[in-house]
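Asks: There's a structure below that I have some questions on.
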Amino acid sequence: MTLEVAITVLQWLVAVLGAPLLVGIVRKTKARLQGRRGAGVWQPYRNLRKLLVKEVVISGTTSWVFRLTPYVVISTMLLSALMVPVLTTSGALPFLGNIIMLMSVFLLGTFFLALAALDAGSSFGGMGSSREMAIAALAEPTVMIAIFAIALRAGSTDLNEMVRRSVSDPLLLLNPGHLLAFLSFVIVALAETGRLPVDNPSTHLELTMIHEAMILEYSGRYLALIEWASSIKLFLFLTLLGNIFFPWGVAVTPEPVALVIGVVALAIKLGVLALGLAILETSVAKLRLFLVPELLSGSFLLALLAVISFFFLR
Amino acid sequence: MLESATILFSSTLLFFASGAIGALVCARHHDLCRRVTHGFVFGGSVLIFGLSILGLLGGTFELVLPGILPFAGGLALGLDRLSAFFLLIIATGVAPSALYAISYTRHYPQKQSSMGFMLNIFVPAMMLVVLARNVLTFLLFWEAMSLASYFLVMTESEHEETCKAGWLYLVMMHAGLACLLIGFLAMSQASGTFDMSEWARSASGIDMGMRNLVFLVMAAGFLSKAGAIPFHVWLPRAHPAAPSHVSAVMSGVMIKLGVYGLIRIAFEWLGQGPAWWGAVILMVGAVSALLGVLYALVQHDLKSLLAFSSVENIGIILLGVGAGLLFRAYNLGSLASLALVAGLYHCLNHAIFKTLLFLGAGAVVEETHTRNMEEMGGLLKRMPHTGGYFLIGSLAIAGLPPFNGFISEWLTFQALMLSFNIPVQFLNLLFALSIAALAMTAGLAAACFVKAFGITFLALPRGETVDQAHEASRTMRASMGLLSVACLALGVLPALVLRPLSNTIAEFIGDRPELSFNWNNISAADVFAVIAPFWMAMILVVLILTVWVGLHAFGTNFHRRYYETWGCGRALQTAAFEYTAAAFAYPFKRVFALLYRSIEETEIEAHPESRFFVKTITYRHETRSIIEDSVYAPIAATVRRLAAKARKLQSGNVHSYLFYILVALLALVLFAK
């Protein structure tokens with residue numbers, strides 16, 4: 001039991017502390033691909049440190065909702081990090097692994113961010129809030145159908161169970177349904193974490209930003225918390241992609257050796273996914289806002305096909 | 001047990017009778033009148049709560065009074081667990097609304113007597129519908145409920161809008177009643193008894209075509225009460241027109257009785273039906289949920305938004321009910337139970353958070369004198385308690401943890417996903433689409449309530465009336481507080497409801513739900529899904545505190561400086577820079593343009609000196625209802641055309657009327673022969 005608790009704490013720390021590094025790696029890779037030198041991979045940590053010692057400048061228009069939101073957002077992400085099997089499927093909190101619950105916890109954070117964005121009373125915040133909620137709502141059916149497709153094969157909506165199932169049945173990876181579900185989940189992950197081509201994380205161009213528009217009024221420690229939360233969200237989505245669809249190396253037993261393999265496998269998977277993300281973000285342009293629904297309905301169809309293929313091939 | 005239930009029931013009736021009489025006696029003393037009448041409604045609903053607890057623990061009673069209406073079996077009442085669960089829904093919605101109404105109705109000085117009187121008829125009528133055991137009793141109290149609520153909707157009958165809403169409500173309720181009459185009478189004829197509890201036994205002997213027909217007309221009748229699409233047209237007009245505590249009772253409680261009736265006919269009275277019954281209900285549910293929330297999203301009237309959201313939630317409930325019917329048609333009894341548990345849990349949840357939201361909206365409308373969200377904003381600073389409660393209600397209705405809406409939506413998702421046990425590919429696909437519809441609904445509901453709370457309560461006031469707004473009175477706050485606590489309690493301790501509810505469903509269907517739960521966690525279909533709402537909520541709270549403490553330990557700068565919102569260098573910030581409700585909904589209008597069929601108009605008046613200086617801008621963006629345009633408009637046109645033709649018969653000539661009478665008489669004589 002103590003071992004399991006230790007492992008749970010370990011994998012949680014890997015997720016919440018490693019997340020800024022992942023963002024640093026993506027940014028560095030992107031910079032190199034674009035012919036720039038870029039900041040070092042540890043730069044996100046320095047940014048967080050800097051933001052924490054700066055004072056908060058806050059709009060006089062805002063209410064307590066604005067001040068509470070950063071805490072809610074970071075806590076939902078810290079909670080989510082407990083729910084995702086990052087290194088192992090045999091953590092000490094098996095009752096926290098439901099994937100529908102995970103998505104609801106993500107939505108809780110988005111809900112508060114969207115409220116806080118309206119609170120300062122600027123048009124930018126409202127714009128970000130409205131667009132973020134629109135994209136979240138449109139992504140939701142794809143998320144659920146993709147989850148359904150995976151759950152059908154795993155016989156469970158529990159993340160640990162899903163990973164365990166695909167570890168025990170490697171041929172599952174060649175299943176057309178599995179690949180379709182993977183593709184649709186990739187698109188959803190891009191939309192949910194605010195990456196290109198849905199949203200550009202490095203823009204502050206007034207009319208195109210979505211996530212950045214929502215957090216425009218934040219500064220100091222509040223901004224640090226939100227930035228950290230966003231990086232955890234990216235980390236978790238990439239981990240989900242890696243561990244559900246390519247579960248190699250995830251420790252199914254709480255043994256130290258398996259765990260070391262787990263860490264290495266996770267590093268490789270996240271490295272590959274981060275490289276893929278950097279290449280994608282370098283090679284595509286941001287979609288016009290009203291083309292995003294088309295992208296998302298495309299991914300919805302992929303997910304639906306994944307479900308259909310299960311029923312017609314069983 | 002039998003004794004206490006009968007006594008409790010009689011004293012409940014006594015309370016409401018006293019309330020109704022009290023309304024008439026103290027009609028001239030306004031303040032006394034509203035306290036007495038609503039006090040009795042509150043007391044009566046607390047007794048209903050007691051009765052429901054008794055029923056959920058297994059208490060029953062039978063009461064047959066053949067002498068009161070000496071035909072068709074007289075009055076017959078009875079209590080079983082399912083009735084008791086709906087009594088619970090009635091009590092949880094009505095008790096806080098009555099408490100709220102005590103001070104809320106002070107703004108209707110001339111109408112307190114009639115409002116109090118009608119509420120004292122409306123509430124017991126709902127209770128008696130749930131307890132009715134024969135056709136006559138059911139229809140009698142069903143109609144009493146409709147009429148009493150009609151009069152309550154018509155409270156502000158000096159407004160033309162209210163009259164129109166009331167008229168539409170009356171017409172729709174009676175079209176629904178006509179459907180129910182046809183169904184009830186046909187079924188009584190076929191089974192040979194007016195006693196509905198006997199129907200289940202004789203149902204299997206009745207011709208399938210007949211049962212299908214009865215199912216369709218009665219489902220239409222009950223769904224029109226529930227406000228499911230396409231029978232919802234009255235709901236978004238009537239609910240906003242009523243005083244807010246009445247809107248709360250109608251939206252939170254009354255429409256659930258349509259669901260009650262549907263569950264009774266589909267699962268009990270008509271016996272086991274074919275699979276397509278379930279498929280129809282499932283589709284109605286998916287369409288209601290999705291279109292309901294889409295229309296809610298584009299409303300500027302806070303109460304219309306809530307009313308459309310009721311259509312959405314009825315849709316979510318029907319997804320559970322429809323899934324239950326389909327599971328039962330394939331003899332998957334324990335899954336049918338699970339789906340029904342999900343639907344009924346959502347019934348109760350919706351009664352709690354929709355009542356809360358309507359009461360909150362009522363407090364806001366009372367202070368700002370408008371229902372238009374575009375004139376609100378900044379209310380959280382002026383009404384902090386009401387705002388906080390409204391936020392809790394918004395989180396709950398958006399299905400977010402750790403509130404109650406999440407549990408029932410989660411259960412509904414699980415029930416729909418477990419549909420892979422049904423071996424029919426077409427149905428598997430239908431279920432997959434329902435999951436997508438429910439997911440989209442959940443996402444859109446979150447957007448809708450970001451808008452409802454954000455535009456109403458946050459940022460700067462958009463209208464002048466907001467500056468005079470004050471916090472709601474103490475009893476109003478107490479009623480909203482109670483409901484907020486309930487939202488949280490049923491979100492973190494679902495076993496509170498699941499325990500009695502699963503017994504109820506087990507008694508009703510005969511199979512225990514595929515669900516195991518205790519105070520720590522719930523699991524559906526064993527390993528398929530497990531959640532631990534209580535521990536999740538605890539961890540969330542601990543994490544928030546840890547982050548706060550951790551920041552202190554880390555040497556964070558906790559200094560805070562207030563400054564104005566950044567606005568690209570403009571000189572001062574006014575509410576004109578804020579995003580409006582219309583702007584918030586704009587992306588949705590673009591994406592779902594096909595469904596909204598909106599009309600957009602912009603008029604810009606330029607300054608005479610230069611066209612670059614704008615004097616005024618008028619922007620109009622109206623959405624039209626696809627159902628009203630494509631279903632109701634043709635029906636209304638046909639009726640009007642026929643009426644114009646029928647006018648020719650109305651010559652005003654006495655001789656021709658005598659002739660009509662003669663013809664009718666002869667026709668009847670011939671027919672009877």
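We name chains A, B, ... following the order of the structure tokens; residues begin at 1 in each chain, and ligands are numbered from 1 as shown.
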Any idea which chain B residues end up within 6 Å of chain A if we count only C-alpha atoms, as number ranges by chain please?

Replies: B: 400, 436, 439-440, 443-444, 447, 450, 454, 458-459, 528-532, 543-544, 556-557, 559-565, 577-579, 584

Asks: I'd like the neighbourhood of segment 346-354 of chain B as a PyMOL selection string, where a residue qualifies if any of its atoms comes within 7 Å (using only C-alpha atoms), though same-chain residues fewer than 6 positions away should be ignored.

Replies: chain B and resi 89+92-93+248+251-253+256+317+393+396-397+404-405+408+483+487

Asks: Do you know which residues are at most 8 Å from Ala20 of chain B counting only C-alpha atoms, after dropping those on the same chain fewer than 4 positions away, and could you put them as a list in words?

Replies: Phe16, Leu24, Thr37, Gly116, Phe117, Met118, Asn120 and Ile121 of chain B

Asks: Can you spit out the residues from that selection as a short mmCIF file (atom, residue, chain, number, x, y, z; two decimals), in the first residue's frame, using C-alpha atoms?

Replies:
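Done, and the output landed in part38.cif:
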```cif
data_model
loop_
_atom_site.label_atom_id
_atom_site.label_comp_id
_atom_site.auth_asym_id
_atom_site.auth_seq_id
_atom_site.Cartn_x
_atom_site.Cartn_y
_atom_site.Cartn_z
CA PHE B 16 -53.77 23.29 1.58
CA LEU B 24 -60.25 34.14 0.72
CA THR B 37 -51.34 31.39 2.16
CA GLY B 116 -52.25 32.34 -2.89
CA PHE B 117 -55.55 30.62 -3.52
CA MET B 118 -54.46 29.17 -6.85
CA ASN B 120 -53.07 26.18 -2.75
CA ILE B 121 -55.04 24.39 -5.48
#
```

Asks: Could you give me, as a PyMOL selection string, the residues within 10 Å of segment 259-263 of chain B, counting only C-alpha atoms and dropping anything in the same chain fewer than 5 positions from it?

Replies: chain B and resi 82-83+85-86+129-130+138+180+215+218-223+225-228+254+268-269+281+314+317-318+321-322+324-325+340+343-344+347

Asks: Near Pro247 of chain A, counting only C-alpha atoms, which residues have an atom at most 8 Å away, once you skip same-chain residues fewer than 5 positions from it, shown as a PyMOL selection string?

Replies: chain A and resi 163+166-167+242

Asks: One number please: atom CA of Phe558 of chain B to atom CA of Tyr218 of chain A, in Å, one decimal.

Replies: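 So the two atoms, atom CA of Phe558 of chain B and atom CA of Tyr218 of chain A, lie 13.9 Å apart.
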
Asks: Could you list, as a PyMOL selection string, every residue within 10 Å of Ala478 of chain B, counting only C-alpha atoms and ignoring same-chain residues fewer than 5 positions away?

Replies: chain B and resi 96+99-100+385+472-473+483-484

Asks: Based on the selection just made, write N, CA and C atoms of those residues as a PDB file, in the first residue's frame.

Replies:
```pdb
ATOM      1  N   PRO B  96     -39.196  25.368  -1.073  1.00  0.00           N
ATOM      2  CA  PRO B  96     -38.417  26.611  -1.147  1.00  0.00           C
ATOM      3  C   PRO B  96     -39.149  27.713  -1.906  1.00  0.00           C
ATOM      4  N   LEU B  99     -41.565  29.346   0.457  1.00  0.00           N
ATOM      5  CA  LEU B  99     -40.819  30.173   1.412  1.00  0.00           C
ATOM      6  C   LEU B  99     -40.416  31.494   0.763  1.00  0.00           C
ATOM      7  N   TYR B 100     -39.976  31.386  -0.467  1.00  0.00           N
ATOM      8  CA  TYR B 100     -39.532  32.547  -1.246  1.00  0.00           C
ATOM      9  C   TYR B 100     -40.714  33.474  -1.521  1.00  0.00           C
ATOM     10  N   HIS B 385     -25.173  37.472  -2.340  1.00  0.00           N
ATOM     11  CA  HIS B 385     -25.716  36.161  -1.976  1.00  0.00           C
ATOM     12  C   HIS B 385     -26.459  35.529  -3.144  1.00  0.00           C
ATOM     13  N   ALA B 472     -31.581  40.427  -2.050  1.00  0.00           N
ATOM     14  CA  ALA B 472     -32.929  39.908  -1.811  1.00  0.00           C
ATOM     15  C   ALA B 472     -33.184  39.766  -0.307  1.00  0.00           C
ATOM     16  N   SER B 473     -34.457  39.646   0.045  1.00  0.00           N
ATOM     17  CA  SER B 473     -34.820  39.574   1.466  1.00  0.00           C
ATOM     18  C   SER B 473     -34.335  38.274   2.097  1.00  0.00           C
ATOM     19  N   LEU B 483     -31.622  25.341  -1.414  1.00  0.00           N
ATOM     20  CA  LEU B 483     -31.486  24.627  -2.682  1.00  0.00           C
ATOM     21  C   LEU B 483     -30.021  24.471  -3.073  1.00  0.00           C
ATOM     22  N   SER B 484     -29.204  25.487  -2.776  1.00  0.00           N
ATOM     23  CA  SER B 484     -27.778  25.382  -3.109  1.00  0.00           C
ATOM     24  C   SER B 484     -27.126  24.255  -2.321  1.00  0.00           C
TER      25      SER B 484
END
```
